[in-house]
Every structure is written in C-alpha cells, then in structure tokens.
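model_32.txt, holding compact mmCIF, C-alpha atoms:
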```txt
# COMPACT_ATOMS: atom_id res chain seq x y z
CA MET S 171 6.02 27.50 -8.31
CA ARG S 172 4.93 29.16 -5.09
CA SER S 173 5.92 27.42 -1.83
CA LEU S 174 3.45 24.71 -0.75
CA TYR S 175 3.43 26.04 2.77
CA THR S 176 2.61 29.56 1.62
CA LEU S 177 -0.26 28.23 -0.46
CA VAL S 178 -1.58 26.18 2.45
CA LEU S 179 -1.72 29.31 4.59
CA VAL S 180 -3.60 31.14 1.82
CA LEU S 181 -6.05 28.27 1.51
CA LEU S 182 -6.62 28.08 5.24
CA PHE S 183 -7.44 31.78 5.27
CA HIS S 184 -10.09 31.31 2.56
CA PHE S 185 -11.53 28.13 4.05
CA SER S 186 -15.28 27.62 4.64
CA TYR S 187 -17.32 24.56 5.64
CA SER S 188 -20.49 22.79 4.46
CA GLN S 189 -21.08 19.61 2.42
CA PHE S 190 -18.23 17.52 1.00
CA ARG S 191 -17.08 19.43 -2.06
CA ILE S 192 -14.25 21.74 -3.06
CA LYS S 193 -13.98 24.26 -0.25
CA SER S 194 -11.45 26.68 -1.61
CA ILE S 195 -9.37 27.37 -4.69
CA SER S 196 -6.00 29.05 -4.46
CA PRO S 197 -6.00 32.63 -5.79
CA ALA S 198 -2.81 31.63 -7.65
CA ILE S 199 -4.95 29.56 -10.06
CA ASN S 200 -6.20 31.34 -13.17
CA GLN S 201 -9.86 30.30 -13.24
CA GLN S 202 -10.42 32.29 -16.44
CA ASP S 203 -8.33 29.70 -18.26
CA SER S 204 -10.83 27.32 -19.89
CA PHE S 205 -8.76 24.20 -19.18
CA ASN S 206 -8.40 25.13 -15.50
CA ALA S 207 -12.10 25.91 -15.23
CA LYS S 208 -13.03 22.52 -16.70
CA ILE S 209 -10.58 20.77 -14.37
CA ILE S 210 -12.18 22.38 -11.31
CA GLU S 211 -15.70 21.58 -12.52
CA THR S 212 -14.82 17.92 -13.22
CA LEU S 213 -12.82 17.55 -10.02
CA GLU S 214 -15.76 18.69 -7.93
CA GLU S 215 -18.03 16.14 -9.60
CA PHE S 216 -15.47 13.39 -9.12
CA LEU S 217 -14.78 14.16 -5.45
CA GLU S 218 -18.51 14.20 -4.67
CA THR S 219 -19.26 10.92 -6.44
CA LYS S 220 -15.92 9.03 -6.83
CA ASP S 221 -17.47 7.88 -10.11
CA PRO S 222 -14.95 6.02 -12.32
CA LYS S 223 -16.38 7.73 -15.42
CA PHE S 224 -14.20 10.73 -14.55
CA TRP S 225 -11.04 8.60 -14.69
CA LEU S 226 -9.08 7.34 -17.69
CA ASP S 227 -10.10 3.82 -18.74
CA SER S 228 -6.45 2.96 -19.35
CA ASP S 229 -5.72 3.34 -15.62
CA PHE S 230 -8.22 0.62 -14.76
CA LYS S 231 -6.38 -1.80 -17.05
CA ARG S 232 -3.15 -1.29 -15.08
CA PHE S 233 -4.42 -0.61 -11.57
CA LYS S 234 -7.17 -2.50 -9.81
CA SER S 235 -8.40 0.72 -8.20
CA PRO S 236 -6.54 3.78 -9.52
CA TYR S 237 -7.75 6.21 -6.87
CA TYR S 238 -8.22 3.98 -3.84
CA GLU S 239 -5.76 6.17 -1.89
CA ILE S 240 -8.35 8.92 -1.54
CA ILE S 241 -11.45 6.78 -1.01
CA GLY S 242 -12.62 7.78 2.46
CA ILE S 243 -9.80 10.29 2.89
CA GLU S 244 -12.33 12.88 4.07
CA SER S 245 -13.07 10.81 7.19
CA GLY S 246 -11.20 10.82 10.48
CA LYS S 247 -11.56 10.66 14.24
CA LEU S 248 -13.21 14.07 14.18
CA GLY S 249 -15.96 13.14 11.72
CA ASN S 250 -16.93 11.38 8.51
CA ASN S 251 -16.55 14.48 6.33
CA PHE S 252 -14.03 16.34 8.44
CA TYR S 253 -11.27 16.72 5.85
CA GLN S 254 -12.47 18.79 2.91
CA PRO S 255 -10.66 19.20 -0.44
CA SER S 256 -9.04 22.44 -1.57
CA VAL S 257 -7.30 23.00 -4.89
CA MET S 258 -3.81 24.32 -4.20
CA GLU S 259 -2.28 24.39 -7.67
CA ILE S 260 -2.97 23.53 -11.29
CA ILE S 261 0.45 23.17 -12.89
CA PRO S 262 1.19 22.97 -16.62
CA THR S 263 3.31 20.08 -17.90
CA ASP S 264 5.34 19.79 -21.09
CA GLU S 265 2.21 18.33 -22.74
CA ASN S 266 -0.50 20.83 -23.62
CA ASP S 267 -3.33 18.41 -22.82
CA LYS S 268 -2.07 17.46 -19.34
CA ARG S 269 -1.81 19.36 -16.07
CA ILE S 270 -0.94 18.46 -12.49
CA VAL S 271 -3.70 19.11 -9.97
CA LYS S 272 -2.58 19.48 -6.37
CA ILE S 273 -5.31 18.87 -3.77
CA ALA S 274 -5.11 19.43 -0.01
CA PHE S 275 -7.53 17.71 2.38
CA ILE S 276 -7.99 20.05 5.33
CA GLY S 277 -10.27 20.02 8.38
CA TYR S 278 -11.17 22.61 10.98
CA ASN S 279 -11.26 21.66 14.68
CA SER S 280 -13.75 24.00 16.32
CA GLU S 281 -12.60 23.06 19.83
CA THR S 282 -8.98 24.02 19.25
CA ARG S 283 -9.82 26.55 16.53
CA SER S 284 -7.12 25.03 14.36
CA ASN S 285 -6.89 23.69 10.82
CA LEU S 286 -5.52 20.19 10.28
CA ILE S 287 -4.04 18.83 7.05
CA LYS S 288 -4.56 15.12 6.38
CA ALA S 289 -2.92 14.88 2.96
CA ILE S 290 -1.71 16.73 -0.10
CA TYR S 291 -2.35 14.68 -3.22
CA ASN S 292 -1.53 15.05 -6.92
CA VAL S 293 -3.48 13.80 -9.92
CA ILE S 294 -3.00 14.36 -13.63
CA ALA S 295 -5.83 16.09 -15.51
CA VAL S 296 -6.04 15.04 -19.17
CA LYS S 297 -8.03 16.99 -21.77
CA LYS S 298 -9.84 14.92 -24.40
CA GLY S 299 -11.94 17.08 -26.69
CA ASP S 300 -14.20 19.18 -24.49
CA ARG S 301 -13.92 16.80 -21.50
CA VAL S 302 -11.39 16.31 -18.71
CA PHE S 303 -10.38 12.98 -17.20
CA PHE S 304 -8.07 12.22 -14.30
CA SER S 305 -5.17 9.81 -14.13
CA LYS S 306 -2.65 8.57 -11.57
CA TYR S 307 0.44 10.69 -10.98
CA ILE S 308 2.85 7.76 -11.22
CA ASP S 309 3.74 7.94 -14.92
CA TYR S 310 4.60 11.62 -14.62
CA ALA S 311 6.63 10.95 -11.46
CA THR S 312 8.67 8.20 -13.13
CA LYS S 313 9.09 9.70 -16.61
CA ASN S 314 12.85 10.15 -16.08
CA TRP S 315 13.46 6.92 -14.15
CA LYS S 316 15.72 4.18 -15.51
CA ILE S 317 14.00 1.00 -16.67
CA LYS S 318 15.59 -2.45 -16.38
CA ASN S 319 14.04 -5.69 -17.65
CA GLU S 320 14.89 -8.95 -15.89
CA ASP S 321 12.96 -11.97 -17.17
CA ASN S 322 9.30 -11.24 -16.27
CA VAL S 323 10.09 -8.21 -14.06
CA THR S 324 10.27 -4.61 -15.27
CA TYR S 325 12.14 -2.48 -12.76
CA TYR S 326 11.61 1.28 -12.52
CA ILE S 327 14.65 2.59 -10.68
CA SER S 328 14.53 5.78 -8.65
CA PRO S 329 17.21 8.32 -9.61
CA ASN S 330 18.08 8.37 -5.90
CA LYS S 331 19.45 4.80 -5.95
CA ASN S 332 21.70 2.44 -7.87
CA TYR S 333 20.36 -0.67 -9.57
CA ASN S 334 21.54 -3.89 -7.87
CA ILE S 335 21.81 -6.72 -10.39
CA ALA S 336 22.65 -9.31 -7.70
CA GLU S 337 19.38 -8.57 -5.89
CA ALA S 338 17.47 -8.75 -9.17
CA GLU S 339 18.99 -12.18 -9.85
CA ALA S 340 18.02 -13.37 -6.35
CA GLN S 341 14.49 -12.10 -6.97
CA LYS S 342 14.37 -14.00 -10.25
CA LYS S 343 15.23 -17.25 -8.42
CA ASP S 344 12.50 -16.66 -5.84
CA ILE S 345 9.96 -16.06 -8.61
CA HIS S 346 10.81 -19.47 -10.09
CA MET S 347 10.57 -21.04 -6.61
CA LEU S 348 7.15 -19.49 -5.92
CA SER S 349 5.90 -20.43 -9.38
CA ASP S 350 6.82 -24.06 -8.66
CA PHE S 351 5.37 -24.03 -5.15
CA PHE S 352 2.03 -22.54 -6.16
CA GLY S 353 1.87 -24.40 -9.47
CA ALA S 354 1.36 -21.11 -11.30
CA GLU S 355 2.95 -19.71 -14.43
CA LYS S 356 5.07 -16.60 -14.17
CA PHE S 357 3.34 -13.33 -15.04
CA PRO S 358 4.58 -9.80 -15.87
CA ILE S 359 5.54 -7.79 -12.79
CA THR S 360 6.19 -4.05 -12.55
CA TYR S 361 8.57 -3.24 -9.70
CA TYR S 362 9.05 0.38 -8.54
CA SER S 363 12.33 0.49 -6.62
CA THR S 364 12.79 3.44 -4.26
CA ILE S 365 14.94 4.26 -1.24
CA SER S 366 12.22 4.82 1.38
CA PRO S 367 8.49 4.73 2.17
CA GLU S 368 8.53 8.52 1.85
CA GLU S 369 9.61 8.19 -1.77
CA VAL S 370 6.96 5.50 -2.37
CA PHE S 371 4.23 7.87 -1.18
CA LYS S 372 5.58 10.65 -3.41
CA LEU S 373 5.57 8.20 -6.31
CA LYS S 374 1.89 7.51 -5.64
CA GLY S 375 1.07 11.22 -5.72
CA PHE S 376 1.39 12.41 -2.13
CA ASP S 377 3.32 15.54 -1.23
CA TYR S 378 2.21 14.82 2.32
CA HIS S 379 0.64 11.85 4.08
CA PRO S 380 1.18 11.03 7.78
CA MET S 381 2.23 7.46 6.97
CA MET S 382 5.09 8.71 4.78
CA TYR S 383 7.23 9.00 7.87
CA ALA S 384 5.92 6.14 10.03
CA ASP S 385 8.61 3.65 8.96
CA LYS S 386 12.12 3.77 7.51
CA SER S 387 11.51 0.85 5.17
CA GLY S 388 8.61 -1.07 3.67
CA GLY S 389 6.33 -1.24 0.70
CA PHE S 390 3.37 -3.15 -0.69
CA ALA S 391 1.91 -5.08 -3.58
CA GLU S 392 -0.87 -3.35 -5.46
CA GLY S 393 -3.46 -4.12 -8.07
CA TYR S 394 -2.66 -6.72 -10.64
CA ASN S 395 1.12 -7.03 -10.96
CA ILE S 396 2.76 -4.11 -9.15
CA ILE S 397 5.28 -3.96 -6.32
CA PHE S 398 6.28 -0.74 -4.58
CA SER S 399 9.52 -1.10 -2.66
CA GLY S 400 10.79 1.49 -0.21
CA ASN S 401 13.65 -0.79 0.88
CA ASN S 402 16.41 0.48 -1.44
CA SER S 403 16.42 -3.01 -2.96
CA GLU S 404 15.47 -4.97 -6.07
CA TYR S 405 14.55 -7.92 -3.84
CA TYR S 406 11.18 -8.01 -2.06
CA THR S 407 9.86 -11.57 -1.92
CA HIS S 408 7.33 -10.84 0.83
CA GLU S 409 5.36 -8.54 -1.46
CA LEU S 410 5.95 -10.83 -4.43
CA VAL S 411 4.06 -13.58 -2.58
CA HIS S 412 1.06 -11.24 -2.26
CA LEU S 413 0.91 -10.97 -6.06
CA PHE S 414 0.65 -14.76 -6.32
CA THR S 415 -1.92 -15.10 -3.54
CA SER S 416 -4.11 -12.28 -4.86
CA LYS S 417 -4.37 -14.11 -8.18
CA LEU S 418 -4.74 -17.66 -6.86
CA PHE S 419 -6.69 -17.11 -3.62
CA PRO S 420 -8.89 -14.01 -3.98
CA LYS S 421 -10.77 -14.82 -0.74
CA ILE S 422 -7.62 -15.32 1.34
CA ASN S 423 -7.85 -14.21 4.95
CA PRO S 424 -5.36 -11.33 5.54
CA TYR S 425 -3.96 -13.21 8.55
CA PHE S 426 -2.77 -16.12 6.44
CA ASP S 427 -1.90 -13.86 3.51
CA GLU S 428 0.69 -12.11 5.68
CA GLY S 429 1.71 -15.42 7.21
CA ILE S 430 2.57 -17.15 3.93
CA ALA S 431 4.32 -13.98 2.69
CA THR S 432 6.42 -13.92 5.86
CA TYR S 433 7.14 -17.65 5.59
CA PHE S 434 8.70 -17.18 2.16
CA GLY S 435 9.96 -13.60 2.32
CA GLY S 436 10.40 -12.63 5.94
CA SER S 437 9.21 -9.18 6.96
CA GLY S 438 11.16 -5.95 6.96
CA LYS S 439 14.91 -6.59 6.97
CA PHE S 440 14.69 -9.99 8.71
CA ASP S 441 14.13 -13.38 7.08
CA TYR S 442 11.76 -16.03 8.39
CA LYS S 443 14.51 -18.12 10.01
CA TRP S 444 15.56 -15.17 12.17
CA GLN S 445 11.95 -14.34 13.03
CA LYS S 446 11.08 -17.92 13.92
CA GLU S 447 13.97 -18.08 16.36
CA LYS S 448 12.98 -14.70 17.75
CA LEU S 449 9.41 -15.96 18.33
CA LYS S 450 10.69 -19.12 20.01
CA ASN S 451 12.76 -17.06 22.46
CA PHE S 452 9.93 -14.59 23.00
CA LEU S 453 7.45 -17.33 23.94
CA THR S 454 10.00 -18.89 26.27
CA GLU S 455 10.58 -15.57 28.01
CA ASN S 456 6.84 -14.79 28.11
CA PRO S 457 5.09 -18.02 29.15
CA GLY S 458 1.83 -16.18 29.75
CA PHE S 459 1.62 -14.82 26.20
CA ASP S 460 -1.60 -16.12 24.59
CA ALA S 461 -1.14 -16.31 20.81
CA PHE S 462 -4.86 -17.01 20.35
CA GLU S 463 -5.59 -13.52 21.68
CA HIS S 464 -3.38 -11.97 19.00
CA LEU S 465 -4.93 -13.13 15.72
CA ASP S 466 -5.43 -9.58 14.48
CA ILE S 467 -2.85 -9.23 11.70
CA TYR S 468 -3.02 -5.43 11.97
CA GLU S 469 -2.09 -5.33 15.66
CA ARG S 470 0.96 -3.14 16.22
CA LEU S 471 2.97 -5.62 18.24
CA PHE S 472 6.58 -5.85 17.02
CA PHE S 473 9.98 -7.48 17.23
CA GLU S 474 12.83 -4.94 16.89
CA LYS S 475 10.21 -2.22 16.23
CA GLU S 476 9.81 -3.70 12.75
CA THR S 477 8.47 -7.26 12.49
CA PRO S 478 4.80 -7.69 13.53
CA ILE S 479 4.54 -10.65 15.92
CA PRO S 480 1.17 -11.78 14.43
CA TYR S 481 2.92 -12.08 11.03
CA VAL S 482 5.47 -14.49 12.50
CA ILE S 483 2.90 -16.58 14.38
CA SER S 484 0.87 -16.90 11.20
CA ALA S 485 4.00 -17.89 9.25
CA VAL S 486 4.72 -20.64 11.78
CA LEU S 487 1.14 -21.87 11.47
CA CYS S 488 1.57 -22.03 7.68
CA GLU S 489 4.71 -24.10 8.18
CA MET S 490 2.84 -26.37 10.60
CA ILE S 491 0.14 -27.01 7.99
CA ILE S 492 2.71 -27.78 5.29
CA SER S 493 4.76 -30.10 7.52
CA LYS S 494 1.79 -32.00 8.97
CA PHE S 495 -0.64 -32.09 6.05
CA GLY S 496 1.19 -30.91 2.91
CA LYS S 497 0.81 -27.77 0.83
CA GLU S 498 -2.52 -28.82 -0.68
CA LYS S 499 -4.10 -28.50 2.76
CA LEU S 500 -2.53 -25.05 3.06
CA PHE S 501 -4.08 -24.11 -0.28
CA MET S 502 -7.47 -25.14 1.12
CA VAL S 503 -6.96 -22.69 3.97
CA LEU S 504 -5.84 -19.91 1.64
CA LYS S 505 -8.87 -20.46 -0.61
CA SER S 506 -11.48 -20.79 2.11
CA GLY S 507 -12.33 -17.20 2.98
CA ASN S 508 -13.11 -18.44 6.50
CA SER S 509 -12.28 -16.71 9.76
CA VAL S 510 -8.90 -17.47 11.32
CA GLU S 511 -10.60 -19.47 14.07
CA GLU S 512 -12.37 -21.66 11.50
CA ASP S 513 -9.18 -22.24 9.54
CA LEU S 514 -7.28 -23.21 12.69
CA LYS S 515 -9.61 -26.15 13.11
CA ILE S 516 -7.77 -27.80 10.21
CA LEU S 517 -4.82 -28.06 12.59
CA ASN S 518 -7.14 -29.09 15.43
CA LEU S 519 -6.16 -25.85 17.12
CA ASN S 520 -8.34 -23.76 19.39
CA LYS S 521 -8.07 -21.43 22.36
CA ASN S 522 -7.38 -24.32 24.71
CA ASN S 523 -4.45 -25.95 22.91
CA MET S 524 -2.96 -23.46 20.43
CA ASN S 525 -0.30 -22.07 22.74
CA TYR S 526 0.93 -25.53 23.76
CA GLU S 527 1.04 -26.83 20.16
CA LEU S 528 2.75 -23.68 18.87
CA ARG S 529 5.48 -23.88 21.49
CA LYS S 530 5.93 -27.63 20.93
CA PHE S 531 6.32 -27.15 17.16
CA LEU S 532 8.92 -24.42 17.67
CA GLU S 533 10.88 -26.58 20.12
CA ASN S 534 10.98 -29.48 17.66
```
Could you spell out this file's structure in structure tokens?
Amino acid sequence: MRSLYTLVLVLLFHFSYSQFRIKSISPAINQQDSFNAKIIETLEEFLETKDPKFWLDSDFKRFKSPYYEIIGIESGKLGNNFYQPSVMEIIPTDENDKRIVKIAFIGYNSETRSNLIKAIYNVIAVKKGDRVFFSKYIDYATKNWKIKNEDNVTYYISPNKNYNIAEAEAQKKDIHMLSDFFGAEKFPITYYSTISPEEVFKLKGFDYHPMMYADKSGGFAEGYNIIFSGNNSEYYTHELVHLFTSKLFPKINPYFDEGIATYFGGSGKFDYKWQKEKLKNFLTENPGFDAFEHLDIYERLFFEKETPIPYVISAVLCEMIISKFGKEKLFMVLKSGNSVEEDLKILNLNKNNMNYELRKFLEN
C-alpha cells in the first residue's frame, strides 16, 4: 500500500472546490474496475444525502447510528461545507465482495493558501448483486482480536494489551450493583478494550482525527450496548452507567447523565470519593467560585487536567438528591428532560443558595 502521506499530497494537488461531493480520486485507484466504479458512484450518493439506504441494515441492529462519526464532518470554523471528501484508497480484503474505502476530508483556506485535513476515515464497501452498501470498519479492525465472555459482557481484547480477569470480575460486581440500584435486568454488553483513545479512534475507522491525541485515556458508551475503553482496562463503570441511563431515561439531561455516571464510576483514573474531596478543597480555596455559573457539562474546566469539575458538582448534586429524598426522586430528575435549572428546584436550589448548600453538604 502506498504511504498515506504520499497519497494525501497527490490528492491535494488534484483538489478542486464546488458543492459538497467527492472532490478528487487518487490516481492509484483503478476506476476501470467495475467494483471500484460502483463504490465511487454509491459513495458520492451517500455523502451527498447521508441516506441510510446506502448502509447495511445489519449495522442498524447493532449500532444506533452506524455513521454518526461523519455526520457534519464537512463543517468547521471556516464554513459549513469547508471539508470536502476525497477517495484516497480502495483496498481489497480477503473477501471478494468486500473492500476498504479510505476517505480524507480536506479543506482549502484561501487566506493562507493552505490545505487542511480534518479526518481520514475508513468504511467497508460490500457488494450485493449489482449494488454496493457500506458498513462500519469495526468488524474488520477486530477480526483477529481475542474474545472473552464474562457473564453478560463480551470483551474484545486489543492485541496490544493483556486481558485482566480481576478487572473483569470487578466490572461484573458493579453490573450487579447497578442492576439492583436502577431496578433493571442485566442486558448483553459488548466491551472493546484498548490501550488508548488513539486506538479507540482507529477501531472506529479513523486513520486520523484531531481528538485521537487530545487525551491519554478515556472512552465512551455508544448505541445500544457498546462500551469503547481506551483505558487499558476491563473495568469502566462510568461508561457502563451511561448504558443503563440511555435505556431507562432517554430524555436525561447530559448534566445529570454525567453526574450519576461520575457518582458511581468516577471519571478518568479517579473515583468519586477522591473527586468529592478534591471539590471540597477546591471550593474552600476558591470561595468566590460560583457553581451555578458552571452548569455546562461540556465546559473544559478540570482537576488534574483530567476530571471535569462540572461532572463532580453534578455527582454531588445526585448524592444530595439520594440522601435527602431517596433514589426515586433522583429517577424523576433523570426522566424529566428538563433544564438543569428546572431540575435543581427539586432540591430547592437556585442561583442565590446553591453555592452555600453545596458547600454545607460537602462539609457534613
């Protein structure tokens, strides 16, 4: 296979700009090949419409949104359709009816006269009769991974790591605990265990994405029953909680979703007990800090460059609800779909008293 960087340079040289559609096709691709030609034709229709009819039905049974990673990928600070798709490679696999399609999303900055790459993304093209459908890259990426079954969890283990049975046993106990707390039966869970966020992104089909290198650890819950771990661990209770809440509380406010996940599973490498103490000390050292002004769960405000402070505040609020009113009141909050400010009224909290009550609860 030709170097990705060499191909990118070739594609940049051939680049042109108009509506959102395939802008260039690598000269390394044999367009006289009927399968390749059909892939390019179908890919262009899919990228223009994002119509699910171009995707395998079987993917929708496993993934809530199989191609959500590239929805809106063409947009950026420099424009809504700034990053245009180019086909870098169409690579044969060991199955005659399947090929890997490598797509680069590239934009041209007229002010700096430079080309910018937002992502390089892989999909699988599958030939069915005279039609082509696309599928997620993940099954191809994990075809040689070890598989371990522990109760209701199926672990896919990266070849770059060793399977940790002690962590899997600890995860099993937390699943039973969460099942009891939420009053929900256990359900099948697929757990992809990798060593880093970079490997998680590669698993999901990215050769390049700027967020691949933003953190040294992390992961997320996705779709129906899937956990992606980039923590080099078979234990990830924070994301496990999200699988329960997505099923039980589909309207949950993201603020409390992260709060209850942090309450049970911590965040990053720190557990909730550590984070709660850290928040207590932080508020003592920063008496002017107004927690009510930091209800945005996506705010990049951290402890130890890892734990988002809004996550911890929300976790403490969840504990306050449980301790003062019981978990059924918490479930009301998680079900409500209300704004954070509306939900805080259950605790009789508002801008005028939240900081005092939060500090008093932490002191007690």
Original post:
Using all atoms listed in the file, which of S:Phe426, S:Tyr325, S:Phe419, S:Tyr378 sits nearest Glu337 of chain S?
Top reply: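 Once distances to Glu337 of chain S are computed over all atoms listed in the file, the minimum belongs to S:Tyr325.
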Original post:
Which residue gives the smallest distance to Glu533 of chain S among S:Lys220, S:His408, S:Thr454, S:Phe472, with only C-alpha atoms counted?
Top reply: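 Of the candidates, the smallest distance to Glu533 of chain S is held by S:Thr454.
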Original post:
Which residue out of S:Glu265, S:Glu339, S:Glu512, S:Asp309 has the minimum interatomic distance to Val323 of chain S when only C-alpha atoms are used?
Top reply: S:Glu339
Original post:
Which polymer residues, protein or nucleic acid, are no farther than 8 Å from (4.4, -14.5, 2.9), counting only C-alpha atoms, as a PyMOL selection string?
Top reply: chain S and resi 407-409+411-412+427-436+485
Original post:
Please, what distance in Å, to one decimal, runs between atom CA of Ile210 of chain S and atom CA of Val257 of chain S?
Top reply: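 Distance reported for this atom pair: 8.1 Å.
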**OP:** Compare S:Asp221, S:Glu215, S:Glu320, S:Asp466 by their minimum atom-to-atom distance to Asn423 of chain S, counting all atoms listed in the file, and give me the closest one.
**Re:** S:Asp466
Original post:
To one decimal place, how far is atom CA of Glu447 of chain S from atom CA of Gln341 of chain S in Å?
Top reply: 24.1 Å
**OP:** Please identify all polymer residues within 12 Å of Asn279 of chain S, counting only C-alpha atoms, omitting same-chain residues fewer than 2 positions from it, and present them as a list in words.
**Re:**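 Once the nearby chain positions are removed, what remains is Tyr187, Gly246, Lys247, Leu248, Gly249, Phe252, Tyr253, Ile276, Gly277, Glu281, Thr282, Arg283, Ser284, Asn285, Leu286 and Ile287 of chain S.
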